[in-house]
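Shown next: start39.txt, given as compact mmCIF, C-alpha atoms.
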# COMPACT_ATOMS: atom_id res chain seq x y z
CA MET Y 1 -35.31 -60.38 50.00
CA SER Y 2 -34.04 -59.86 46.49
CA SER Y 3 -31.90 -56.77 45.83
CA ALA Y 4 -32.27 -56.90 42.04
CA PRO Y 5 -34.71 -53.95 41.71
CA ARG Y 6 -32.37 -51.51 43.43
CA PRO Y 7 -29.85 -51.14 40.59
CA ASP Y 8 -32.73 -50.75 38.14
CA PHE Y 9 -34.16 -48.02 40.33
CA ARG Y 10 -30.86 -46.19 40.47
CA LYS Y 11 -30.41 -46.63 36.76
CA ASN Y 12 -33.84 -45.26 36.02
CA GLU Y 13 -33.27 -42.36 38.41
CA LEU Y 14 -29.95 -41.53 36.77
CA THR Y 15 -31.51 -41.76 33.34
CA VAL Y 16 -34.27 -39.38 34.32
CA LEU Y 17 -31.80 -36.89 35.77
CA LEU Y 18 -29.63 -37.03 32.66
CA GLU Y 19 -32.62 -36.60 30.40
CA ARG Y 20 -33.84 -33.68 32.47
CA GLY Y 21 -30.37 -32.14 32.46
CA SER Y 22 -30.08 -32.64 28.73
CA ALA Y 23 -33.46 -31.04 28.21
CA VAL Y 24 -32.47 -28.09 30.40
CA HIS Y 25 -29.24 -27.62 28.45
CA GLU Y 26 -31.09 -27.84 25.16
CA ARG Y 27 -33.57 -25.22 26.33
CA GLU Y 28 -30.70 -22.99 27.51
CA ASP Y 29 -28.92 -23.43 24.16
CA ARG Y 30 -32.09 -22.61 22.28
CA LEU Y 31 -32.62 -19.53 24.44
CA ARG Y 32 -29.04 -18.38 23.90
CA PHE Y 33 -29.35 -18.94 20.15
CA GLN Y 34 -32.66 -17.10 20.07
CA THR Y 35 -31.17 -14.26 22.09
CA ARG Y 36 -28.23 -13.97 19.73
CA SER Y 37 -30.49 -14.24 16.71
CA ASP Y 38 -33.14 -11.85 17.95
CA LEU Y 39 -31.13 -9.37 19.98
CA GLY Y 40 -27.44 -9.85 19.27
CA VAL Y 41 -27.07 -9.78 15.49
CA GLY Y 42 -26.58 -6.04 15.39
CA LYS Y 43 -24.21 -6.11 18.34
CA ALA Y 44 -22.23 -9.00 16.85
CA PHE Y 45 -21.89 -7.07 13.60
CA LEU Y 46 -20.77 -3.94 15.45
CA ASP Y 47 -18.28 -5.99 17.47
CA GLU Y 48 -16.85 -7.49 14.29
CA MET Y 49 -16.59 -4.08 12.64
CA ALA Y 50 -14.85 -2.74 15.75
CA ALA Y 51 -12.38 -5.63 15.54
CA VAL Y 52 -11.76 -4.84 11.86
CA PHE Y 53 -11.18 -1.17 12.62
CA ALA Y 54 -8.85 -2.07 15.47
CA CYS Y 55 -6.61 -4.28 13.35
CA CYS Y 56 -6.29 -1.68 10.56
CA GLY Y 57 -3.46 0.79 10.94
CA ALA Y 58 -2.80 4.23 9.47
CA PHE Y 59 -1.50 2.69 6.26
CA GLU Y 60 -4.74 0.77 5.71
CA TRP Y 61 -6.85 3.87 6.25
CA VAL Y 62 -4.83 5.74 3.65
CA ALA Y 63 -5.06 2.83 1.20
CA LEU Y 64 -8.79 2.32 1.75
CA SER Y 65 -9.41 6.07 1.49
CA TYR Y 66 -7.66 6.20 -1.87
CA LEU Y 67 -9.72 3.24 -3.10
CA ALA Y 68 -12.88 4.98 -1.89
CA ILE Y 69 -11.99 8.29 -3.56
CA SER Y 70 -11.04 6.65 -6.86
CA SER Y 71 -14.20 4.51 -6.74
CA VAL Y 72 -16.35 7.61 -6.29
CA LEU Y 73 -14.61 9.23 -9.26
CA ILE Y 74 -15.16 6.07 -11.32
CA GLY Y 75 -18.85 6.21 -10.46
CA ILE Y 76 -19.17 9.91 -11.31
CA PHE Y 77 -17.25 9.72 -14.60
CA ALA Y 78 -18.28 6.20 -15.58
CA GLN Y 79 -19.20 7.37 -19.08
CA ASN Y 80 -15.48 7.94 -19.80
CA LEU Y 81 -14.57 4.30 -19.10
CA SER Y 82 -15.11 1.13 -21.09
CA HIS Y 83 -15.73 -1.16 -18.10
CA PRO Y 84 -16.56 0.92 -15.00
CA VAL Y 85 -18.39 -1.92 -13.23
CA ARG Y 86 -15.39 -4.19 -13.64
CA LEU Y 87 -13.10 -1.52 -12.21
CA LEU Y 88 -15.39 -0.94 -9.24
CA SER Y 89 -15.52 -4.68 -8.61
CA VAL Y 90 -11.74 -4.90 -8.63
CA GLN Y 91 -11.52 -1.94 -6.25
CA ALA Y 92 -14.02 -3.54 -3.86
CA LEU Y 93 -12.25 -6.89 -4.03
CA LEU Y 94 -8.91 -5.26 -3.26
CA ALA Y 95 -10.40 -3.46 -0.25
CA LEU Y 96 -11.83 -6.75 1.03
CA VAL Y 97 -8.47 -8.48 0.58
CA ILE Y 98 -6.73 -5.76 2.58
CA VAL Y 99 -9.25 -5.98 5.42
CA ALA Y 100 -9.23 -9.79 5.38
CA LEU Y 101 -5.43 -9.88 5.47
CA CYS Y 102 -5.31 -7.55 8.47
CA ARG Y 103 -8.03 -9.52 10.24
CA ALA Y 104 -6.37 -12.86 9.55
CA GLU Y 105 -2.99 -11.67 10.81
CA ASP Y 106 -4.63 -10.24 13.93
CA ASN Y 107 -6.49 -13.49 14.59
CA VAL Y 108 -3.50 -15.80 14.40
CA TRP Y 109 -1.51 -13.61 16.81
CA THR Y 110 -4.27 -13.48 19.43
CA GLN Y 111 -4.73 -17.24 19.73
CA THR Y 112 -4.78 -18.61 23.26
CA SER Y 113 -1.96 -20.98 22.30
CA ILE Y 114 0.46 -18.07 22.75
CA SER Y 115 1.34 -17.58 26.39
CA PRO Y 116 1.26 -14.05 27.79
CA ALA Y 117 4.99 -14.24 28.42
CA ASN Y 118 5.74 -15.06 24.77
CA ARG Y 119 3.02 -13.02 23.10
CA HIS Y 120 5.10 -9.85 22.79
CA GLY Y 121 7.97 -11.75 21.20
CA ALA Y 122 5.59 -13.76 19.01
CA ARG Y 123 4.04 -10.58 17.68
CA ARG Y 124 7.46 -9.59 16.45
CA GLY Y 125 7.48 -12.51 14.07
CA ARG Y 126 10.48 -14.37 15.49
CA CYS Y 127 8.38 -16.77 17.59
CA GLY Y 128 5.13 -18.48 16.83
CA THR Y 129 4.10 -21.10 14.32
CA LEU Y 130 4.77 -21.20 10.62
CA THR Y 131 1.21 -20.03 9.97
CA GLN Y 132 1.64 -17.06 12.26
CA ARG Y 133 4.91 -16.06 10.65
CA PHE Y 134 3.33 -16.45 7.19
CA TRP Y 135 0.52 -14.00 7.95
CA HIS Y 136 2.93 -11.70 9.75
CA PHE Y 137 5.14 -11.50 6.65
CA TRP Y 138 2.35 -10.79 4.17
CA ARG Y 139 0.68 -8.32 6.52
CA HIS Y 140 3.86 -6.24 6.44
CA TRP Y 141 4.92 -6.62 2.81
CA TYR Y 142 1.67 -6.39 0.85
CA PRO Y 143 1.92 -2.54 0.63
CA HIS Y 144 4.53 -2.91 -2.13
CA LEU Y 145 2.04 -4.88 -4.24
CA PHE Y 146 -0.65 -2.32 -3.47
CA PHE Y 147 1.54 0.52 -4.77
CA LEU Y 148 2.28 -1.42 -7.94
CA PHE Y 149 -1.40 -2.18 -8.53
CA CYS Y 150 -2.45 1.46 -8.12
CA PHE Y 151 0.29 2.70 -10.44
CA GLU Y 152 -0.55 0.23 -13.18
CA GLN Y 153 -4.26 1.00 -12.81
CA LEU Y 154 -3.56 4.63 -13.69
CA SER Y 155 -3.17 3.56 -17.31
CA VAL Y 156 -6.96 3.08 -17.24
CA LEU Y 157 -7.87 6.00 -14.98
CA VAL Y 158 -5.61 8.61 -16.56
CA HIS Y 159 -8.41 9.98 -18.79
CA LEU Y 160 -11.17 9.41 -16.28
CA VAL Y 161 -11.80 13.15 -15.76
CA THR Y 162 -9.85 14.96 -18.48
CA PRO Y 163 -9.95 13.39 -21.98
CA ARG Y 164 -6.87 15.13 -23.41
CA TRP Y 165 -3.20 15.16 -22.49
CA GLN Y 166 -1.97 18.33 -20.81
CA ASP Y 167 1.73 18.05 -21.71
CA ALA Y 168 1.79 21.31 -23.67
CA LYS Y 169 1.39 23.26 -20.43
CA LEU Y 170 4.39 21.57 -18.82
CA ILE Y 171 6.53 21.88 -21.96
CA VAL Y 172 5.92 25.64 -21.95
CA PHE Y 173 6.61 25.84 -18.21
CA ASP Y 174 9.87 23.87 -18.50
CA HIS Y 175 11.07 26.17 -21.30
CA TRP Y 176 10.12 29.26 -19.30
CA LEU Y 177 11.94 27.87 -16.24
CA THR Y 178 15.17 26.72 -17.93
CA GLY Y 179 15.27 28.54 -21.27
CA VAL Y 180 15.56 25.20 -23.11
CA HIS Y 181 13.72 21.93 -23.50
CA PRO Y 182 15.68 19.98 -20.85
CA SER Y 183 15.35 16.48 -22.30
CA ILE Y 184 16.47 17.68 -25.73
CA TRP Y 185 19.25 19.87 -24.35
CA LEU Y 186 20.73 17.01 -22.28
CA GLU Y 187 21.16 14.85 -25.39
CA GLN Y 188 24.39 16.68 -26.26
CA PHE Y 189 26.03 15.15 -23.18
CA ALA Y 190 24.87 11.59 -23.89
CA THR Y 191 27.47 8.85 -24.16
CA PRO Y 192 27.05 5.11 -23.55
CA GLY Y 193 28.87 5.43 -20.21
CA ARG Y 194 26.81 8.38 -18.99
CA ASN Y 195 23.62 6.78 -20.21
CA GLU Y 196 24.48 3.63 -18.30
CA PHE Y 197 25.15 5.55 -15.09
CA MET Y 198 21.90 7.49 -15.40
CA GLN Y 199 19.90 4.34 -16.05
CA PHE Y 200 21.56 2.75 -13.02
CA ALA Y 201 20.53 5.79 -10.95
CA TYR Y 202 16.99 5.51 -12.32
CA LEU Y 203 16.92 1.83 -11.40
CA THR Y 204 17.83 2.52 -7.76
CA TYR Y 205 14.32 3.86 -7.23
CA PHE Y 206 13.03 0.30 -6.99
CA VAL Y 207 15.15 -0.54 -3.94
CA TYR Y 208 14.82 2.51 -1.66
CA LEU Y 209 11.64 1.42 0.10
CA LEU Y 210 12.60 -2.26 -0.01
CA VAL Y 211 15.97 -1.63 1.65
CA LEU Y 212 14.65 0.79 4.26
CA GLY Y 213 11.64 -1.40 4.98
CA GLY Y 214 13.82 -4.50 5.10
CA ILE Y 215 16.17 -2.95 7.67
CA LEU Y 216 13.28 -1.80 9.87
CA TYR Y 217 11.58 -5.19 9.52
CA TYR Y 218 14.76 -7.08 10.43
CA ARG Y 219 15.35 -4.81 13.42
CA GLU Y 220 11.72 -5.31 14.48
CA ASP Y 221 11.09 -1.58 14.49
CA TRP Y 222 7.42 -1.98 13.70
CA HIS Y 223 6.49 1.63 14.41
CA GLY Y 224 9.24 2.84 12.10
CA TYR Y 225 8.28 0.29 9.45
CA TRP Y 226 4.63 1.27 9.31
CA SER Y 227 5.51 4.95 9.54
CA VAL Y 228 7.61 4.66 6.38
CA MET Y 229 4.87 2.73 4.59
CA THR Y 230 2.34 5.36 5.60
CA TYR Y 231 4.57 8.22 4.38
CA SER Y 232 4.83 6.44 1.02
CA ALA Y 233 1.11 5.67 0.87
CA VAL Y 234 0.12 9.30 1.43
CA GLY Y 235 2.67 10.61 -1.08
CA TYR Y 236 1.64 8.11 -3.72
CA ALA Y 237 -2.09 8.65 -3.12
CA ILE Y 238 -1.76 12.41 -3.57
CA GLY Y 239 0.16 11.84 -6.80
CA TYR Y 240 -2.37 9.30 -8.08
CA VAL Y 241 -5.29 11.67 -7.55
CA ILE Y 242 -3.44 14.56 -9.25
CA ALA Y 243 -2.61 12.30 -12.20
CA ILE Y 244 -6.30 11.42 -12.60
CA PHE Y 245 -7.29 15.10 -12.82
CA PHE Y 246 -4.23 16.30 -14.75
CA PRO Y 247 -3.07 13.63 -17.25
CA ILE Y 248 0.52 13.98 -18.50
CA GLU Y 249 2.02 11.38 -20.82
CA SER Y 250 5.72 12.41 -20.43
CA PRO Y 251 8.32 13.69 -22.94
CA TRP Y 252 8.88 10.13 -24.14
CA PHE Y 253 5.53 10.31 -25.94
CA ALA Y 254 4.73 14.02 -26.24
CA MET Y 255 8.13 14.96 -27.66
CA ALA Y 256 8.84 11.78 -29.61
CA GLY Y 257 10.92 12.49 -32.71
CA SER Y 258 12.67 15.48 -31.17
CA TRP Y 259 15.85 13.51 -30.46
CA HIS Y 260 18.54 12.26 -32.79
CA GLY Y 261 18.32 8.71 -31.54
CA GLU Y 262 17.93 6.32 -28.61
CA LEU Y 263 20.06 6.35 -25.49
CA HIS Y 264 22.44 3.41 -25.78
CA GLY Y 265 24.22 1.85 -22.85
CA GLY Y 266 24.97 -1.45 -21.16
CA PRO Y 267 23.11 -3.94 -18.92
CA PHE Y 268 21.36 -1.35 -16.75
CA THR Y 269 20.05 0.36 -19.85
CA ALA Y 270 18.81 -3.00 -21.12
CA VAL Y 271 17.04 -3.70 -17.82
CA ILE Y 272 15.34 -0.30 -17.83
CA ASN Y 273 14.26 -0.75 -21.45
CA PHE Y 274 12.76 -4.13 -20.53
CA ILE Y 275 10.87 -2.67 -17.56
CA GLU Y 276 9.67 0.31 -19.59
CA HIS Y 277 8.54 -1.95 -22.42
CA TYR Y 278 6.44 -4.27 -20.25
CA GLY Y 279 5.50 -2.05 -17.32
CA ARG Y 280 5.32 1.47 -18.72
CA VAL Y 281 2.18 3.44 -17.89
CA ARG Y 282 1.30 6.06 -20.47
CA GLY Y 283 0.33 8.89 -18.20
CA ALA Y 284 0.81 9.54 -14.49
CA ALA Y 285 3.97 11.55 -15.22
CA PHE Y 286 3.00 14.56 -13.09
CA PRO Y 287 3.93 14.52 -10.34
CA SER Y 288 6.70 11.98 -10.74
CA GLU Y 289 5.76 8.98 -8.61
CA HIS Y 290 9.38 7.86 -8.77
CA VAL Y 291 10.48 11.08 -7.10
CA ALA Y 292 7.52 11.14 -4.70
CA GLY Y 293 8.20 7.59 -3.51
CA SER Y 294 11.93 8.25 -3.27
CA PHE Y 295 11.49 11.40 -1.20
CA ALA Y 296 8.97 9.73 1.11
CA ALA Y 297 11.50 6.94 1.70
CA LEU Y 298 14.31 9.49 2.05
CA TRP Y 299 12.44 11.38 4.76
CA GLY Y 300 11.66 8.06 6.40
CA ALA Y 301 15.35 7.23 6.47
CA TRP Y 302 16.10 10.67 7.95
CA ARG Y 303 13.65 10.02 10.80
CA HIS Y 304 14.23 6.34 11.49
CA ARG Y 305 17.70 5.43 10.16
CA ARG Y 306 19.75 8.59 9.80
CA TRP Y 307 22.87 6.83 8.46
CA LEU Y 308 20.84 5.39 5.59
CA PHE Y 309 19.60 8.87 4.68
CA TRP Y 310 23.17 9.95 3.84
CA VAL Y 311 23.67 6.83 1.74
CA MET Y 312 20.42 7.37 -0.15
CA LEU Y 313 20.66 11.14 -0.66
CA PRO Y 314 23.21 11.24 -3.56
CA LEU Y 315 21.47 8.30 -5.24
CA VAL Y 316 18.06 9.98 -5.00
CA LEU Y 317 19.42 13.24 -6.42
CA CYS Y 318 21.03 11.39 -9.33
CA MET Y 319 17.77 9.49 -9.83
CA CYS Y 320 15.91 12.81 -10.12
CA VAL Y 321 18.28 13.95 -12.88
CA SER Y 322 18.01 10.57 -14.60
CA THR Y 323 14.24 10.90 -15.00
CA VAL Y 324 14.79 13.95 -17.22
CA TRP Y 325 17.91 12.48 -18.86
CA GLY Y 326 16.01 9.35 -19.82
CA ARG Y 327 13.11 11.44 -21.25
CA TYR Y 328 10.62 10.06 -18.72
CA HIS Y 329 9.71 13.34 -17.02
CA TYR Y 330 9.66 17.11 -17.29
CA VAL Y 331 11.59 19.19 -14.77
CA VAL Y 332 8.33 20.34 -13.19
CA ASP Y 333 7.43 16.68 -12.63
CA ILE Y 334 10.49 16.39 -10.41
CA PHE Y 335 9.50 19.38 -8.30
CA GLY Y 336 5.97 18.02 -8.07
CA GLY Y 337 7.30 14.67 -6.86
CA MET Y 338 9.48 16.36 -4.24
CA VAL Y 339 6.47 18.26 -2.92
CA THR Y 340 4.10 15.27 -2.83
CA GLY Y 341 6.75 13.02 -1.28
CA THR Y 342 7.40 15.61 1.43
CA LEU Y 343 3.67 16.04 2.00
CA GLY Y 344 3.45 12.27 2.34
CA TYR Y 345 6.02 12.42 5.12
CA VAL Y 346 4.36 15.34 6.92
CA ILE Y 347 0.80 14.00 6.71
CA GLY Y 348 1.87 10.40 7.30
CA ASN Y 349 3.80 11.39 10.41
CA TRP Y 350 0.72 13.22 11.69
CA LEU Y 351 -1.46 10.16 11.04
CA MET Y 352 0.94 7.90 12.90
CA LYS Y 353 0.92 10.24 15.90
CA LYS Y 354 -2.89 10.30 15.87
CA GLN Y 355 -2.97 6.51 15.73
CA GLU Y 356 -0.54 6.27 18.63
CA GLU Y 357 -2.61 8.69 20.69
CA ALA Y 358 -5.80 6.74 19.95
CA THR Y 359 -4.07 3.48 20.93
CA ASN Y 360 -2.84 4.93 24.23
CA ILE Y 361 -6.29 6.29 25.03
CA GLY Y 362 -7.88 2.96 24.14
Entire entry expressed as structure tokens:
Amino acid sequence: MSSAPRPDFRKNELTVLLERGSAVHEREDRLRFQTRSDLGVGKAFLDEMAAVFACCGAFEWVALSYLAISSVLIGIFAQNLSHPVRLLSVQALLALVIVALCRAEDNVWTQTSISPANRHGARRGRCGTLTQRFWHFWRHWYPHLFFLFCFEQLSVLVHLVTPRWQDAKLIVFDHWLTGVHPSIWLEQFATPGRNEFMQFAYLTYFVYLLVLGGILYYREDWHGYWSVMTYSAVGYAIGYVIAIFFPIESPWFAMAGSWHGELHGGPFTAVINFIEHYGRVRGAAFPSEHVAGSFAALWGAWRHRRWLFWVMLPLVLCMCVSTVWGRYHYVVDIFGGMVTGTLGYVIGNWLMKKQEEATNIG
């Protein structure tokens, strides 16, 4: 008897089973797709939104809240702007970039390629791939670019609500408080050496948050790092909103011609003049964002790196004087900056505690 048909039979049987199995899998895939399409779209969207909310910290909520508040104001007072739609588009794009950056950084650090034993260390940025370290870096350092963007944008938003400068009120207040016009009175003490020192003190503002943040970043004190950024974000945001409602252009413009001449100095004076020429914002003088940011960083140093607080304190105080010496601010601007910077610390500290409590509960 020939045995030739038996392999054909087995082959045909196997083929039938495979075809049936394939058909079953196709039906199951179609059912799963239909279930996701018909029943799971809303849940998938909610899950994604929950993931977005989870990866955003206190700093992001402050930043996104400021963008939301300023966007509402742009919409309400759109008639006072030349290109309100363009501004709203930029605001929306910036918000999307912030959320996307947080989501991307969260995704690369939750990959299954990271073992549970190494995940804690990898999240600190010392381990992991180049891609992971890249997103980790930008996730932590983009706040500095956000602050710069918001400050420069004030040149457009400064007359959003109030069309006229309000400097006369602060000039009167300064004279009532001191008995003189401080910027004019200080000119009698100006020498190239003193001017140079004051401009150096003014320039130190740009390094306070960078140095403090850099130390916390290097030491992997992530809670301290984001606390300091949140203090700064709250202080700046309060100042930005006040500047929108109460536009002040500073003594440099409002009292131009009251001095006998420019303040001459050396290289630091030249650097400041360069920065002021290309980055000056006409407006946003009250409260002083320089002072607000410096005090937020100063309080952050007090809480997280006490030794650095004592190093920064004399520099910050000299910087406050330099803002009046250099004719950038009124005295009341300085007090306003101290208050908003301190409020930034108080409110930011509260937000960080609330975030920590929510994380522990979750």
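Each of Y:Ile334, Y:Leu212, Y:Leu93, Y:Ile248 was compared to Y:Leu308 using only C-alpha atoms, and Y:Leu212 turns out to be the nearest.
By chain and then residue number, the residues within 9 Å of Y:Phe309 are Y:Ala297, Y:Leu298, Y:Trp299, Y:Gly300, Y:Ala301, Y:Trp302, Y:Arg303, Y:Arg305, Y:Arg306, Y:Met312, Y:Leu313, counting all atoms listed in the file and disregarding those fewer than 3 positions away in sequence.
Excluding stretch 260-269 of chain Y and any residue on its chain fewer than 5 positions from it, the residues at most 10 Å away by only C-alpha atoms are Ile184, Glu187, Gln188, Ala190, Thr191, Pro192, Gly193, Arg194, Asn195, Glu196, Phe197, Met198, Gln199, Phe200, Ala201, Tyr202, Leu203, Phe274, Ile275, Trp325, Gly326 and Arg327 of chain Y.
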I need the chosen residues saved as a PDB file, in the frame of the given file, with C-alpha atoms.
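File produced: out-v3.pdb:
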ATOM      1  CA  ILE Y 184      16.470  17.680 -25.730  1.00  0.00           C
ATOM      2  CA  GLU Y 187      21.160  14.850 -25.390  1.00  0.00           C
ATOM      3  CA  GLN Y 188      24.390  16.680 -26.260  1.00  0.00           C
ATOM      4  CA  ALA Y 190      24.870  11.590 -23.890  1.00  0.00           C
ATOM      5  CA  THR Y 191      27.470   8.850 -24.160  1.00  0.00           C
ATOM      6  CA  PRO Y 192      27.050   5.110 -23.550  1.00  0.00           C
ATOM      7  CA  GLY Y 193      28.870   5.430 -20.210  1.00  0.00           C
ATOM      8  CA  ARG Y 194      26.810   8.380 -18.990  1.00  0.00           C
ATOM      9  CA  ASN Y 195      23.620   6.780 -20.210  1.00  0.00           C
ATOM     10  CA  GLU Y 196      24.480   3.630 -18.300  1.00  0.00           C
ATOM     11  CA  PHE Y 197      25.150   5.550 -15.090  1.00  0.00           C
ATOM     12  CA  MET Y 198      21.900   7.490 -15.400  1.00  0.00           C
ATOM     13  CA  GLN Y 199      19.900   4.340 -16.050  1.00  0.00           C
ATOM     14  CA  PHE Y 200      21.560   2.750 -13.020  1.00  0.00           C
ATOM     15  CA  ALA Y 201      20.530   5.790 -10.950  1.00  0.00           C
ATOM     16  CA  TYR Y 202      16.990   5.510 -12.320  1.00  0.00           C
ATOM     17  CA  LEU Y 203      16.920   1.830 -11.400  1.00  0.00           C
ATOM     18  CA  PHE Y 274      12.760  -4.130 -20.530  1.00  0.00           C
ATOM     19  CA  ILE Y 275      10.870  -2.670 -17.560  1.00  0.00           C
ATOM     20  CA  TRP Y 325      17.910  12.480 -18.860  1.00  0.00           C
ATOM     21  CA  GLY Y 326      16.010   9.350 -19.820  1.00  0.00           C
ATOM     22  CA  ARG Y 327      13.110  11.440 -21.250  1.00  0.00           C
TER      23      ARG Y 327
END
Atomic separation - atom CA of Y:Thr323 relative to atom CA of Y:Ser227, Å
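The value is 26.7 Å.
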Which residue out of Y:Ile272, Y:Leu209, Y:Ile244, Y:Ala100 has the minimum interatomic distance to Y:Ser70 when all atoms listed in the file are used?
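The shortest atom-to-atom distance to Y:Ser70 comes from Y:Ile244.
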Can you tell me which residues surround Y:Val241 at a distance of at most 9 Å, considering all atoms listed in the file, apart from same-chain residues fewer than 4 positions away, and format the answer as an mmCIF file with C-alpha atoms, keeping the file's coordinate frame?
data_model
loop_
_atom_site.group_PDB
_atom_site.id
_atom_site.type_symbol
_atom_site.label_atom_id
_atom_site.label_comp_id
_atom_site.auth_asym_id
_atom_site.auth_seq_id
_atom_site.Cartn_x
_atom_site.Cartn_y
_atom_site.Cartn_z
ATOM 1 C CA TYR Y 66 -7.660 6.200 -1.870
ATOM 2 C CA ILE Y 69 -11.990 8.290 -3.560
ATOM 3 C CA SER Y 70 -11.040 6.650 -6.860
ATOM 4 C CA TYR Y 236 1.640 8.110 -3.720
ATOM 5 C CA ALA Y 237 -2.090 8.650 -3.120
ATOM 6 C CA PHE Y 245 -7.290 15.100 -12.820
ATOM 7 C CA PHE Y 246 -4.230 16.300 -14.750
#
Of the candidates Y:Phe286, Y:Trp307, Y:Phe146, Y:Trp61, which one gets nearest to Y:Ile238 if we count all atoms listed in the file?
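Of Y:Phe286, Y:Trp307, Y:Phe146, Y:Trp61, the one nearest Y:Ile238, counting all atoms listed in the file, is Y:Phe286.
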Can you pull out every residue within 7 Å of stretch 157-159 of chain Y, counting all atoms listed in the file, but drop anything in the same chain fewer than 2 positions away, and send it as a ChimeraX atom specification?
/Y:153-155,161-163,243-244,247,283-284
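What separates atom CA of Y:His329 from atom CA of Y:Ser288 is a distance of 7.1 Å.
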For Y:Leu186, the nearest of the candidates Y:Asn360, Y:Ser322, Y:Thr204, Y:Gln355, counting all atoms listed in the file
Y:Ser322
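Put simply, atom CA of Y:Ser183 is 10.3 Å away from atom CA of Y:Ile171.
Proximity of Y:Val234, Y:Val156, Y:Glu276, Y:Trp141 to Y:Gly214, computed with only C-alpha atoms, is greatest for Y:Trp141.
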Select, counting only C-alpha atoms, all protein, DNA and RNA residues no farther than 6 Å from (14.8, 2.8, 10.8) in file coordinates, and express the selection as a PyMOL selection string.
chain Y and resi 216+224+304-305
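Across Y:Phe137, Y:Tyr278, Y:Trp259, Y:Phe206, the tightest approach to Y:Glu152 is made by Y:Tyr278 when counting only C-alpha atoms.
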Which residues are near Y:Asn349? Cut-off 7 Å, all atoms listed in the file, ignore same chain within fewer than 3 positions. Put them as a list of chain:residue names.
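The filter keeps Y:Ser227, Y:Tyr231, Y:Tyr345, Y:Val346, Y:Met352, Y:Lys353.
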Output C-alpha atoms of each residue in that selection to a file, as a compact mmCIF listing (two decimals), in the coordinates of the input.
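Okay, again_26.txt is ready:
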# COMPACT_ATOMS: atom_id res chain seq x y z
CA SER Y 227 5.51 4.95 9.54
CA TYR Y 231 4.57 8.22 4.38
CA TYR Y 345 6.02 12.42 5.12
CA VAL Y 346 4.36 15.34 6.92
CA MET Y 352 0.94 7.90 12.90
CA LYS Y 353 0.92 10.24 15.90
